[in-house]
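Text of start.cif, listed as mmCIF, C-alpha atoms:
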```cif
data_my_file
loop_
_atom_site.group_PDB
_atom_site.id
_atom_site.type_symbol
_atom_site.label_atom_id
_atom_site.label_comp_id
_atom_site.auth_asym_id
_atom_site.auth_seq_id
_atom_site.Cartn_x
_atom_site.Cartn_y
_atom_site.Cartn_z
ATOM 1 C CA MET S 185 0.000 0.000 0.000
ATOM 2 C CA GLN S 186 1.477 3.321 -1.072
ATOM 3 C CA VAL S 187 1.449 6.034 1.579
ATOM 4 C CA LYS S 188 0.148 9.378 0.341
ATOM 5 C CA LYS S 189 2.776 12.101 0.716
ATOM 6 C CA LYS S 190 2.142 15.222 2.745
ATOM 7 C CA LEU S 191 1.798 18.504 0.883
ATOM 8 C CA LEU S 192 5.085 20.009 2.106
ATOM 9 C CA ASP S 193 6.923 16.819 1.110
ATOM 10 C CA LEU S 194 5.459 17.192 -2.391
ATOM 11 C CA VAL S 195 6.719 20.788 -2.415
ATOM 12 C CA ARG S 196 10.215 19.634 -1.454
ATOM 13 C CA ASP S 197 10.202 16.939 -4.152
ATOM 14 C CA LYS S 198 9.200 19.421 -6.848
ATOM 15 C CA ILE S 199 11.821 21.959 -5.739
ATOM 16 C CA ARG S 200 14.555 19.321 -5.870
ATOM 17 C CA PHE S 201 13.347 18.050 -9.232
ATOM 18 C CA LYS S 202 13.699 21.587 -10.614
ATOM 19 C CA HIS S 203 17.242 21.869 -9.160
ATOM 20 C CA TYR S 204 16.449 24.772 -6.829
ATOM 21 C CA SER S 205 18.935 25.431 -4.051
ATOM 22 C CA TYR S 206 18.524 24.210 -0.488
ATOM 23 C CA SER S 207 18.095 27.791 0.731
ATOM 24 C CA THR S 208 15.226 28.274 -1.753
ATOM 25 C CA GLU S 209 13.694 25.021 -0.533
ATOM 26 C CA ARG S 210 13.770 26.168 3.085
ATOM 27 C CA THR S 211 12.388 29.600 2.178
ATOM 28 C CA TYR S 212 9.521 28.291 0.038
ATOM 29 C CA VAL S 213 8.519 25.640 2.569
ATOM 30 C CA HIS S 214 8.558 28.280 5.320
ATOM 31 C CA TRP S 215 6.226 30.682 3.474
ATOM 32 C CA ILE S 216 3.856 27.975 2.250
ATOM 33 C CA LYS S 217 3.535 26.626 5.774
ATOM 34 C CA HIS S 218 3.036 30.174 7.106
ATOM 35 C CA TYR S 219 0.315 30.802 4.489
ATOM 36 C CA ILE S 220 -1.554 27.629 5.451
ATOM 37 C CA LEU S 221 -1.308 28.305 9.191
ATOM 38 C CA PHE S 222 -2.555 31.873 8.688
ATOM 39 C CA HIS S 223 -5.752 30.410 7.222
ATOM 40 C CA HIS S 224 -6.156 27.915 10.089
ATOM 41 C CA LYS S 225 -4.651 24.935 8.255
ATOM 42 C CA LYS S 226 -7.074 24.992 5.328
ATOM 43 C CA HIS S 227 -5.792 23.051 2.339
ATOM 44 C CA PRO S 228 -4.609 25.333 -0.503
ATOM 45 C CA LEU S 229 -7.081 23.597 -2.850
ATOM 46 C CA GLU S 230 -9.858 25.022 -0.671
ATOM 47 C CA MET S 231 -8.403 28.525 -0.967
ATOM 48 C CA GLY S 232 -7.810 30.937 -3.798
ATOM 49 C CA LYS S 233 -7.545 34.588 -4.824
ATOM 50 C CA VAL S 234 -9.211 36.057 -1.713
ATOM 51 C CA GLU S 235 -7.067 34.074 0.736
ATOM 52 C CA ILE S 236 -3.833 34.907 -1.105
ATOM 53 C CA GLU S 237 -4.665 38.614 -1.205
ATOM 54 C CA SER S 238 -5.549 38.746 2.497
ATOM 55 C CA TYR S 239 -2.327 36.948 3.407
ATOM 56 C CA LEU S 240 -0.069 39.210 1.324
ATOM 57 C CA THR S 241 -1.855 42.319 2.591
ATOM 58 C CA LYS S 242 -1.336 41.153 6.172
ATOM 59 C CA LEU S 243 2.405 40.805 5.516
ATOM 60 C CA ALA S 244 2.556 44.377 4.215
ATOM 61 C CA THR S 245 0.329 46.097 6.799
ATOM 62 C CA LYS S 246 0.538 44.150 10.042
ATOM 63 C CA ASP S 247 3.938 42.464 9.774
ATOM 64 C CA ARG S 248 5.471 45.378 7.804
ATOM 65 C CA VAL S 249 7.823 43.084 5.928
ATOM 66 C CA ALA S 250 10.235 44.409 3.320
ATOM 67 C CA PRO S 251 9.027 44.401 -0.321
ATOM 68 C CA THR S 252 11.531 41.693 -1.211
ATOM 69 C CA THR S 253 10.224 39.529 1.636
ATOM 70 C CA GLN S 254 6.620 39.941 0.501
ATOM 71 C CA ASN S 255 7.623 39.089 -3.077
ATOM 72 C CA GLN S 256 9.450 36.045 -1.752
ATOM 73 C CA ALA S 257 6.278 34.844 0.002
ATOM 74 C CA PHE S 258 4.233 35.470 -3.154
ATOM 75 C CA SER S 259 6.749 33.506 -5.256
ATOM 76 C CA ALA S 260 6.455 30.581 -2.850
ATOM 77 C CA ILE S 261 2.650 30.606 -3.128
ATOM 78 C CA LEU S 262 2.862 30.854 -6.924
ATOM 79 C CA PHE S 263 5.183 27.849 -6.939
ATOM 80 C CA LEU S 264 2.765 25.888 -4.735
ATOM 81 C CA TYR S 265 -0.246 26.442 -6.967
ATOM 82 C CA LYS S 266 1.433 26.217 -10.352
ATOM 83 C CA GLU S 267 4.151 23.589 -9.894
ATOM 84 C CA VAL S 268 2.724 21.383 -7.131
ATOM 85 C CA LEU S 269 -1.061 21.674 -7.458
ATOM 86 C CA GLY S 270 -1.126 22.355 -11.194
ATOM 87 C CA ILE S 271 -3.332 25.457 -10.914
ATOM 88 C CA ASP S 272 -2.761 28.469 -13.165
ATOM 89 C CA MET S 273 -3.123 31.640 -11.064
ATOM 90 C CA SER S 274 -2.841 34.049 -13.989
ATOM 91 C CA GLU S 275 -6.645 34.336 -14.308
ATOM 92 C CA TRP S 276 -7.006 35.235 -10.625
ATOM 93 C CA LYS S 277 -5.200 38.558 -11.048
ATOM 94 C CA VAL S 278 -4.150 38.784 -7.421
ATOM 95 C CA GLN S 279 -4.389 42.392 -6.179
ATOM 96 C CA ALA S 280 -2.944 42.625 -2.685
ATOM 97 C CA LEU S 281 -1.660 45.701 -0.907
ATOM 98 C CA ARG S 282 2.040 45.511 -1.709
ATOM 99 C CA ALA S 283 4.851 46.723 0.505
ATOM 100 C CA GLN S 284 6.435 49.875 -0.923
ATOM 101 C CA GLU S 285 9.698 49.074 -2.661
ATOM 102 C CA ARG S 286 12.651 51.387 -2.449
ATOM 103 C CA LYS S 287 15.207 51.821 -5.192
ATOM 104 C CA HIS S 288 18.710 51.649 -3.773
ATOM 105 C CA ILE S 289 21.809 52.965 -5.515
ATOM 106 C CA PRO S 290 24.495 50.293 -5.044
ATOM 107 C CA VAL S 291 27.391 50.983 -2.701
ATOM 108 C CA VAL S 292 30.682 50.726 -4.595
ATOM 109 C CA LEU S 293 34.329 50.524 -3.571
ATOM 110 C CA THR S 294 37.122 52.347 -5.346
ATOM 111 C CA LYS S 295 39.931 50.233 -6.763
ATOM 112 C CA GLU S 296 42.112 51.262 -3.812
ATOM 113 C CA GLU S 297 39.396 50.233 -1.337
ATOM 114 C CA VAL S 298 38.946 46.888 -3.055
ATOM 115 C CA LYS S 299 42.681 46.314 -2.831
ATOM 116 C CA SER S 300 42.758 47.160 0.878
ATOM 117 C CA VAL S 301 39.952 44.684 1.636
ATOM 118 C CA LEU S 302 41.548 41.931 -0.440
ATOM 119 C CA GLN S 303 44.832 42.410 1.385
ATOM 120 C CA ASN S 304 43.081 41.657 4.676
ATOM 121 C CA ILE S 305 41.151 38.563 3.540
ATOM 122 C CA PRO S 306 42.578 35.333 5.077
ATOM 123 C CA MET S 307 44.552 33.168 2.641
ATOM 124 C CA ASP S 308 41.895 30.417 2.745
ATOM 125 C CA TYR S 309 39.338 32.762 1.171
ATOM 126 C CA SER S 310 41.427 35.261 -0.778
ATOM 127 C CA LEU S 311 41.250 33.496 -4.165
ATOM 128 C CA LEU S 312 37.491 33.142 -3.810
ATOM 129 C CA VAL S 313 37.020 36.873 -3.166
ATOM 130 C CA TYR S 314 39.503 37.824 -5.895
ATOM 131 C CA LEU S 315 37.418 35.733 -8.305
ATOM 132 C CA MET S 316 34.179 37.392 -7.185
ATOM 133 C CA TYR S 317 35.640 40.811 -7.950
ATOM 134 C CA GLY S 318 37.565 39.772 -11.064
ATOM 135 C CA CYS S 319 34.481 38.198 -12.673
ATOM 136 C CA GLY S 320 31.593 40.075 -11.056
ATOM 137 C CA LEU S 321 30.200 36.875 -9.596
ATOM 138 C CA ARG S 322 27.411 36.691 -7.061
ATOM 139 C CA MET S 323 28.471 34.944 -3.855
ATOM 140 C CA ASN S 324 26.425 31.810 -4.583
ATOM 141 C CA GLU S 325 27.740 31.643 -8.143
ATOM 142 C CA ALA S 326 31.332 31.690 -6.883
ATOM 143 C CA LEU S 327 30.662 29.164 -4.122
ATOM 144 C CA SER S 328 28.891 26.809 -6.535
ATOM 145 C CA LEU S 329 31.781 26.638 -9.009
ATOM 146 C CA ARG S 330 33.118 23.150 -9.663
ATOM 147 C CA ILE S 331 36.403 22.039 -11.197
ATOM 148 C CA LYS S 332 34.673 21.281 -14.516
ATOM 149 C CA ASP S 333 33.450 24.890 -14.757
ATOM 150 C CA ILE S 334 36.961 26.290 -15.255
ATOM 151 C CA ASP S 335 38.063 25.928 -18.883
ATOM 152 C CA PHE S 336 41.788 26.686 -18.862
ATOM 153 C CA GLY S 337 42.173 25.863 -22.565
ATOM 154 C CA PHE S 338 39.692 28.494 -23.777
ATOM 155 C CA GLU S 339 40.275 30.627 -20.666
ATOM 156 C CA LYS S 340 36.606 30.795 -19.700
ATOM 157 C CA ILE S 341 34.545 30.259 -16.576
ATOM 158 C CA TYR S 342 31.093 28.709 -16.955
ATOM 159 C CA VAL S 343 28.284 29.857 -14.673
ATOM 160 C CA TRP S 344 25.313 27.484 -14.679
ATOM 161 C CA ASP S 345 21.757 28.059 -13.377
ATOM 162 C CA SER S 346 22.471 31.510 -11.979
ATOM 163 C CA LYS S 347 19.896 33.735 -10.281
ATOM 164 C CA SER S 348 18.360 34.726 -13.607
ATOM 165 C CA LEU S 349 18.395 31.079 -14.801
ATOM 166 C CA LYS S 350 20.653 32.328 -17.572
ATOM 167 C CA ASP S 351 23.823 30.288 -18.127
ATOM 168 C CA ARG S 352 26.789 32.378 -19.193
ATOM 169 C CA THR S 353 30.542 32.350 -19.740
ATOM 170 C CA ILE S 354 33.013 34.835 -18.296
ATOM 171 C CA PRO S 355 36.608 35.471 -19.356
ATOM 172 C CA LEU S 356 39.050 33.848 -16.953
ATOM 173 C CA PRO S 357 41.179 36.614 -15.372
ATOM 174 C CA GLN S 358 44.783 36.076 -16.492
ATOM 175 C CA LYS S 359 46.148 37.194 -13.117
ATOM 176 C CA LEU S 360 44.262 34.366 -11.404
ATOM 177 C CA LYS S 361 44.986 31.560 -13.869
ATOM 178 C CA SER S 362 48.020 30.120 -12.059
ATOM 179 C CA LYS S 363 46.286 30.397 -8.675
ATOM 180 C CA LEU S 364 43.229 28.590 -10.029
ATOM 181 C CA LEU S 365 45.423 25.799 -11.443
ATOM 182 C CA GLU S 366 46.965 25.415 -7.988
ATOM 183 C CA GLN S 367 43.498 25.359 -6.421
ATOM 184 C CA VAL S 368 42.402 22.553 -8.755
ATOM 185 C CA GLU S 369 45.436 20.514 -7.686
ATOM 186 C CA ILE S 370 44.672 21.134 -4.005
ATOM 187 C CA VAL S 371 41.039 20.053 -4.421
ATOM 188 C CA SER S 372 42.095 16.970 -6.394
ATOM 189 C CA GLU S 373 44.379 15.869 -3.554
ATOM 190 C CA ILE S 374 41.662 16.507 -0.968
ATOM 191 C CA HIS S 375 39.269 14.420 -3.046
ATOM 192 C CA LYS S 376 41.720 11.521 -3.314
ATOM 193 C CA GLN S 377 42.076 11.497 0.453
ATOM 194 C CA ASP S 378 38.321 11.653 0.936
ATOM 195 C CA LEU S 379 37.881 8.625 -1.319
ATOM 196 C CA LYS S 380 40.444 6.703 0.718
ATOM 197 C CA ASN S 381 38.541 7.603 3.879
ATOM 198 C CA GLY S 382 35.257 6.313 2.486
ATOM 199 C CA PHE S 383 33.813 9.668 1.441
ATOM 200 C CA GLY S 384 34.373 11.621 -1.804
ATOM 201 C CA SER S 385 30.707 12.081 -2.713
ATOM 202 C CA VAL S 386 29.579 15.605 -3.576
ATOM 203 C CA TYR S 387 26.149 17.157 -4.046
ATOM 204 C CA ILE S 388 24.948 17.292 -7.637
ATOM 205 C CA PRO S 389 21.523 18.425 -8.900
ATOM 206 C CA TYR S 390 18.662 16.160 -7.828
ATOM 207 C CA ALA S 391 17.650 14.761 -11.236
ATOM 208 C CA LEU S 392 21.254 14.117 -12.318
ATOM 209 C CA ASP S 393 21.982 12.332 -9.051
ATOM 210 C CA LYS S 394 19.095 9.940 -9.694
ATOM 211 C CA LYS S 395 19.934 9.318 -13.350
ATOM 212 C CA TYR S 396 23.735 9.226 -13.093
ATOM 213 C CA PRO S 397 24.973 7.974 -9.689
ATOM 214 C CA ARG S 398 28.662 7.980 -10.672
ATOM 215 C CA PRO S 399 29.474 11.710 -11.318
ATOM 216 C CA LYS S 400 29.160 12.662 -7.630
ATOM 217 C CA LEU S 401 32.371 10.703 -6.996
ATOM 218 C CA GLU S 402 34.336 12.201 -9.903
ATOM 219 C CA THR S 403 37.006 14.849 -9.364
ATOM 220 C CA LYS S 404 35.611 17.226 -11.994
ATOM 221 C CA TRP S 405 32.330 17.541 -10.057
ATOM 222 C CA GLN S 406 34.025 18.596 -6.803
ATOM 223 C CA PHE S 407 33.463 22.140 -5.616
ATOM 224 C CA LEU S 408 36.342 24.479 -6.440
ATOM 225 C CA PHE S 409 36.182 25.978 -2.939
ATOM 226 C CA PRO S 410 35.363 23.111 -0.576
ATOM 227 C CA MET S 411 34.808 23.223 3.171
ATOM 228 C CA LYS S 412 37.652 22.223 5.433
ATOM 229 C CA ASN S 413 35.621 19.435 7.001
ATOM 230 C CA ILE S 414 33.154 16.739 5.985
ATOM 231 C CA SER S 415 29.570 17.732 6.833
ATOM 232 C CA THR S 416 26.121 16.123 6.821
ATOM 233 C CA ASP S 417 23.882 16.916 3.857
ATOM 234 C CA PRO S 418 20.621 18.289 5.337
ATOM 235 C CA ARG S 419 18.598 16.773 2.488
ATOM 236 C CA THR S 420 19.997 13.253 2.237
ATOM 237 C CA LYS S 421 21.754 13.030 5.645
ATOM 238 C CA LYS S 422 24.841 11.730 3.809
ATOM 239 C CA LYS S 423 28.297 12.804 4.969
ATOM 240 C CA ARG S 424 30.126 14.653 2.230
ATOM 241 C CA ARG S 425 32.314 17.686 1.555
ATOM 242 C CA HIS S 426 30.275 20.722 0.540
ATOM 243 C CA HIS S 427 31.457 24.144 -0.612
ATOM 244 C CA VAL S 428 32.438 26.941 1.779
ATOM 245 C CA MET S 429 29.367 28.262 3.586
ATOM 246 C CA SER S 430 28.077 31.707 2.634
ATOM 247 C CA GLN S 431 27.961 32.735 6.308
ATOM 248 C CA THR S 432 31.638 31.859 6.712
ATOM 249 C CA LEU S 433 32.674 33.868 3.664
ATOM 250 C CA GLY S 434 30.481 36.818 4.642
ATOM 251 C CA ARG S 435 31.987 36.901 8.119
ATOM 252 C CA ASN S 436 35.536 36.956 6.750
ATOM 253 C CA ILE S 437 34.669 39.772 4.315
ATOM 254 C CA LYS S 438 33.205 41.824 7.161
ATOM 255 C CA VAL S 439 36.309 41.353 9.329
ATOM 256 C CA ALA S 440 38.590 42.243 6.389
ATOM 257 C CA SER S 441 36.679 45.479 5.746
ATOM 258 C CA GLN S 442 36.996 46.407 9.430
ATOM 259 C CA LYS S 443 40.741 45.825 9.293
ATOM 260 C CA ALA S 444 40.888 48.002 6.174
ATOM 261 C CA ASN S 445 39.207 50.828 8.169
ATOM 262 C CA LEU S 446 36.496 51.407 5.582
ATOM 263 C CA ASN S 447 33.463 53.487 6.493
ATOM 264 C CA LYS S 448 31.245 51.664 3.986
ATOM 265 C CA ARG S 449 29.013 48.669 4.589
ATOM 266 C CA VAL S 450 30.973 45.934 2.833
ATOM 267 C CA THR S 451 29.134 42.746 1.863
ATOM 268 C CA SER S 452 29.932 40.043 -0.664
ATOM 269 C CA HIS S 453 27.754 41.762 -3.288
ATOM 270 C CA ILE S 454 29.780 44.973 -3.153
ATOM 271 C CA PHE S 455 32.527 43.295 -5.219
ATOM 272 C CA ARG S 456 30.011 42.632 -8.020
ATOM 273 C CA HIS S 457 28.841 46.248 -7.879
ATOM 274 C CA SER S 458 32.439 47.471 -7.907
ATOM 275 C CA TYR S 459 33.338 45.198 -10.846
ATOM 276 C CA ALA S 460 30.498 46.619 -12.969
ATOM 277 C CA THR S 461 31.250 50.227 -12.020
ATOM 278 C CA HIS S 462 34.956 49.879 -12.746
ATOM 279 C CA LEU S 463 34.161 48.400 -16.167
ATOM 280 C CA LEU S 464 31.958 51.403 -16.940
ATOM 281 C CA GLN S 465 34.728 53.744 -15.833
ATOM 282 C CA ALA S 466 37.071 51.922 -18.213
ATOM 283 C CA GLY S 467 34.719 52.624 -21.113
ATOM 284 C CA ILE S 468 33.080 49.187 -21.507
ATOM 285 C CA ASP S 469 29.566 49.511 -22.970
ATOM 286 C CA LEU S 470 26.415 48.640 -20.994
ATOM 287 C CA ARG S 471 25.392 45.730 -23.232
ATOM 288 C CA SER S 472 28.702 43.955 -22.699
ATOM 289 C CA ILE S 473 28.474 44.461 -18.932
ATOM 290 C CA GLU S 474 24.884 43.185 -18.998
ATOM 291 C CA GLU S 475 26.097 39.938 -20.593
ATOM 292 C CA LEU S 476 28.994 39.556 -18.161
ATOM 293 C CA LEU S 477 26.724 40.040 -15.142
ATOM 294 C CA GLY S 478 23.939 37.850 -16.508
ATOM 295 C CA HIS S 479 21.236 40.503 -16.098
ATOM 296 C CA LYS S 480 17.828 39.907 -17.670
ATOM 297 C CA SER S 481 17.743 43.405 -19.156
ATOM 298 C CA VAL S 482 20.031 46.391 -19.651
ATOM 299 C CA GLU S 483 17.768 48.458 -17.350
ATOM 300 C CA THR S 484 19.134 46.508 -14.391
ATOM 301 C CA THR S 485 22.693 47.247 -15.475
ATOM 302 C CA MET S 486 21.944 50.964 -15.799
ATOM 303 C CA ILE S 487 21.861 51.412 -11.999
ATOM 304 C CA TYR S 488 25.653 51.532 -12.145
ATOM 305 C CA THR S 489 25.657 54.648 -14.311
ATOM 306 C CA HIS S 490 24.755 56.660 -11.185
ATOM 307 C CA ARG S 491 28.192 55.885 -9.779
ATOM 308 C CA VAL S 492 30.232 56.881 -12.818
ATOM 309 C CA LYS S 493 31.621 60.371 -13.395
ATOM 310 C CA TYR S 494 31.633 61.432 -17.031
#
```

Would you kindly transcribe this structure into structure tokens?
Amino acid sequence: MQVKKKLLDLVRDKIRFKHYSYSTERTYVHWIKHYILFHHKKHPLEMGKVEIESYLTKLATKDRVAPTTQNQAFSAILFLYKEVLGIDMSEWKVQALRAQERKHIPVVLTKEEVKSVLQNIPMDYSLLVYLMYGCGLRMNEALSLRIKDIDFGFEKIYVWDSKSLKDRTIPLPQKLKSKLLEQVEIVSEIHKQDLKNGFGSVYIPYALDKKYPRPKLETKWQFLFPMKNISTDPRTKKKRRHHVMSQTLGRNIKVASQKANLNKRVTSHIFRHSYATHLLQAGIDLRSIEELLGHKSVETTMIYTHRVKY
């Protein structure tokens, strides 16, 4: 007799099937659960446009969440109805009171400020941060890089399934080529030792893991910036070596900026902002920068023009 799965388990299965990240899984499950509890545990099939609008309005008025948080909750509900329950919400035309969104001009570092921060980053994370600045990578894009994504022959870096779901290639910075070759050798040795110790498995996208069980043990699939220790995969409970945690990298960037005595709020994303701004200052056109950053439209890239003196 087959046991019927619970709704949130079906949500998790669909998220993993579509290769969404673990952080997205946790976020979506949280908001879907919150939505159901708000309506006294009614099943989503028994709810619709009115219930969604009242929930989103409550987030904006009573909870006073940020616009991005409200949009995050709405995205989770959209995913639930469309991907899990198979219901098209486009005809409902949901009209909830939305939290007011502010347009922020990105904080940018000068080249000298970037250099001062990089000089204070610990050796274990310096190459990672150099790569983020040298390629304009988002933190998660840099952390998710695997050995196979660095093409030394054609001097390109491949970024797969980025935030915009837009795969792209980026020129490999010549100044980092030798360091990256050394990093590949270091990871290869770590992987050999892990295999000897009975480990060596690495996370690969859900569908690929089911169809091809072998790649997770291959060197080319190992993360380019692995953790120092073996950890337990929260999804499968398997012990494996994952990539450096975002919290760890963020903490080291914060400490480095403090040591550099900067009076700006320095986060991992500031290197991406600085990369784009410095390219504009060097005379690179907006369309080229749009492609390098993987933006959906040039309008997004245009925010950096506010930081450039002509």

Subject >> Selection result for the PyMOL selection byres ((chain S and resi 321) around 12) on this file, as a ChimeraX atom specification >> reply: /S:312-320,322-329,341-344,346-347,352-356,452-460,476-479

Subject >> Counting all atoms listed in the file, the option among S:Ser385, S:Gln279, S:Gln303, S:Thr484 closest to Thr420 in chain S >> reply: S:Ser385

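When the distance limit is 12 Å and all atoms listed in the file are what count, the residues near Met486 in chain S, minus those fewer than 6 positions from it on the same chain, are Ile289, Pro290, His457, Ala460, Thr461, Leu464, Asp469, Leu470, Arg471, Ser472, Ile473, Glu474, Leu477, His479, Lys480 and Val492 of chain S.
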
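For the set S:Ala466, S:Leu264, S:Val386, S:Val450, the residue with the smallest atom-to-atom gap to His427 in chain S is S:Val386, counting only C-alpha atoms.
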
**OP:** Evaluate the PyMOL selection byres ((chain S and resi 198) around 12) here and jot the selected residues down as a ChimeraX atom specification.
**Re:** /S:191-197,199-205,208-209,212-213,263-270,390-391

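If only C-alpha atoms are the atoms counted, then among S:Gly337, S:Glu402, S:Lys359, S:Asn447 the closest residue to Lys376 in chain S is S:Glu402.
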
With the PyMOL selection byres ((chain S and resi 404) around 12) as the selection, what would be picked from this file? Answer as an mmCIF file with C-alpha atoms, keeping the file's coordinate frame, please.
```
data_model
loop_
_atom_site.group_PDB
_atom_site.id
_atom_site.type_symbol
_atom_site.label_atom_id
_atom_site.label_comp_id
_atom_site.auth_asym_id
_atom_site.auth_seq_id
_atom_site.Cartn_x
_atom_site.Cartn_y
_atom_site.Cartn_z
ATOM 1 C CA LEU S 329 31.781 26.638 -9.009
ATOM 2 C CA ARG S 330 33.118 23.150 -9.663
ATOM 3 C CA ILE S 331 36.403 22.039 -11.197
ATOM 4 C CA LYS S 332 34.673 21.281 -14.516
ATOM 5 C CA ASP S 333 33.450 24.890 -14.757
ATOM 6 C CA ILE S 334 36.961 26.290 -15.255
ATOM 7 C CA ASP S 335 38.063 25.928 -18.883
ATOM 8 C CA VAL S 368 42.402 22.553 -8.755
ATOM 9 C CA GLU S 369 45.436 20.514 -7.686
ATOM 10 C CA VAL S 371 41.039 20.053 -4.421
ATOM 11 C CA SER S 372 42.095 16.970 -6.394
ATOM 12 C CA HIS S 375 39.269 14.420 -3.046
ATOM 13 C CA GLY S 384 34.373 11.621 -1.804
ATOM 14 C CA SER S 385 30.707 12.081 -2.713
ATOM 15 C CA VAL S 386 29.579 15.605 -3.576
ATOM 16 C CA ILE S 388 24.948 17.292 -7.637
ATOM 17 C CA ARG S 398 28.662 7.980 -10.672
ATOM 18 C CA PRO S 399 29.474 11.710 -11.318
ATOM 19 C CA LYS S 400 29.160 12.662 -7.630
ATOM 20 C CA LEU S 401 32.371 10.703 -6.996
ATOM 21 C CA GLU S 402 34.336 12.201 -9.903
ATOM 22 C CA THR S 403 37.006 14.849 -9.364
ATOM 23 C CA TRP S 405 32.330 17.541 -10.057
ATOM 24 C CA GLN S 406 34.025 18.596 -6.803
ATOM 25 C CA PHE S 407 33.463 22.140 -5.616
ATOM 26 C CA LEU S 408 36.342 24.479 -6.440
#
```

**OP:** Quick one: everything within 8 Å of Ile414 in chain S, counting all atoms listed in the file, minus sequence neighbours fewer than 2 positions away in the same chain. Send it as a PyMOL selection string.
**Re:** chain S and resi 411-412+416+423-426

Subject >> Surrounding residues of Glu296 in chain S excluding itself and chain neighbours under 5 positions, 12 Å, only C-alpha atoms, as JSON, numbers by chain >> reply: {"S": [301, 302, 303, 444, 446, 458, 462]}

Original post:
Please, what distance in Å, to one decimal, runs between CA of Arg210 in chain S and CA of Ser310 in chain S?
Top reply: 29.4 Å

**OP:** Fewer than 3 positions away in the same chain doesn't count, so skip those; otherwise give me all residues within 12 Å of Lys242 in chain S, counting all atoms listed in the file, as an MDAnalysis selection string.
**Re:** chainID S and resid 218:219 222:223 235:239 245:249 254 257 280:283

Size and centre in Å, one decimal, axis-aligned box, all listed range 255-271 of chain S atoms plus 4 Å per side, as AutoDock Vina command-line options:
```
--center_x 3.1 --center_y 30.2 --center_z -5.6 --size_x 20.8 --size_y 25.7 --size_z 19.2
```

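Interatomic distance, CA of Phe336 in chain S to CA of Leu365 in chain S: 8.3 Å.
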
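Among S:Gly232, S:Thr253, S:Arg435, S:Asn304, the residue with the shortest atom-to-atom distance to Glu275 in chain S, counting only C-alpha atoms, is S:Gly232.
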
Original post:
Any idea what the distance is between CA of Trp215 in chain S and CA of Asp417 in chain S?
Top reply: 22.4 Å

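Comparing the minimum interatomic distances between Thr451 in chain S and each of S:Ala244, S:Leu379, S:Met307, S:Leu293, counting only C-alpha atoms, we find that S:Leu293 sits nearest.
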
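Of the residues listed (S:Leu463, S:Ile374, S:Ala260, S:Leu229), S:Leu463 shows the shortest atom-to-atom separation from Thr485 in chain S; distances use all atoms listed in the file.
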
As a PDB file, keeping the file's coordinate frame, please: range 413-424 of chain S completed to N, CA and C atoms.
```pdb
ATOM      1  N   ASN S 413      36.036  20.687   6.375  1.00  0.00           N
ATOM      2  CA  ASN S 413      35.621  19.435   7.001  1.00  0.00           C
ATOM      3  C   ASN S 413      34.457  18.785   6.255  1.00  0.00           C
ATOM      4  N   ILE S 414      34.310  17.473   6.479  1.00  0.00           N
ATOM      5  CA  ILE S 414      33.154  16.739   5.985  1.00  0.00           C
ATOM      6  C   ILE S 414      31.940  17.175   6.795  1.00  0.00           C
ATOM      7  N   SER S 415      30.792  17.343   6.128  1.00  0.00           N
ATOM      8  CA  SER S 415      29.570  17.732   6.833  1.00  0.00           C
ATOM      9  C   SER S 415      28.415  16.818   6.425  1.00  0.00           C
ATOM     10  N   THR S 416      27.298  16.945   7.110  1.00  0.00           N
ATOM     11  CA  THR S 416      26.121  16.123   6.821  1.00  0.00           C
ATOM     12  C   THR S 416      25.159  16.889   5.924  1.00  0.00           C
ATOM     13  N   ASP S 417      24.818  16.296   4.785  1.00  0.00           N
ATOM     14  CA  ASP S 417      23.882  16.916   3.857  1.00  0.00           C
ATOM     15  C   ASP S 417      22.500  16.970   4.507  1.00  0.00           C
ATOM     16  N   PRO S 418      21.922  18.184   4.661  1.00  0.00           N
ATOM     17  CA  PRO S 418      20.621  18.289   5.337  1.00  0.00           C
ATOM     18  C   PRO S 418      19.483  17.621   4.577  1.00  0.00           C
ATOM     19  N   ARG S 419      19.652  17.407   3.277  1.00  0.00           N
ATOM     20  CA  ARG S 419      18.598  16.773   2.488  1.00  0.00           C
ATOM     21  C   ARG S 419      18.668  15.255   2.568  1.00  0.00           C
ATOM     22  N   THR S 420      19.854  14.711   2.313  1.00  0.00           N
ATOM     23  CA  THR S 420      19.997  13.253   2.237  1.00  0.00           C
ATOM     24  C   THR S 420      20.563  12.629   3.507  1.00  0.00           C
ATOM     25  N   LYS S 421      21.100  13.474   4.404  1.00  0.00           N
ATOM     26  CA  LYS S 421      21.754  13.030   5.645  1.00  0.00           C
ATOM     27  C   LYS S 421      23.059  12.285   5.380  1.00  0.00           C
ATOM     28  N   LYS S 422      23.568  12.357   4.138  1.00  0.00           N
ATOM     29  CA  LYS S 422      24.841  11.730   3.809  1.00  0.00           C
ATOM     30  C   LYS S 422      25.991  12.639   4.231  1.00  0.00           C
ATOM     31  N   LYS S 423      27.112  12.034   4.603  1.00  0.00           N
ATOM     32  CA  LYS S 423      28.297  12.804   4.969  1.00  0.00           C
ATOM     33  C   LYS S 423      29.133  13.037   3.720  1.00  0.00           C
ATOM     34  N   ARG S 424      29.387  14.300   3.435  1.00  0.00           N
ATOM     35  CA  ARG S 424      30.126  14.653   2.230  1.00  0.00           C
ATOM     36  C   ARG S 424      30.778  16.018   2.422  1.00  0.00           C
TER      37      ARG S 424
END
```
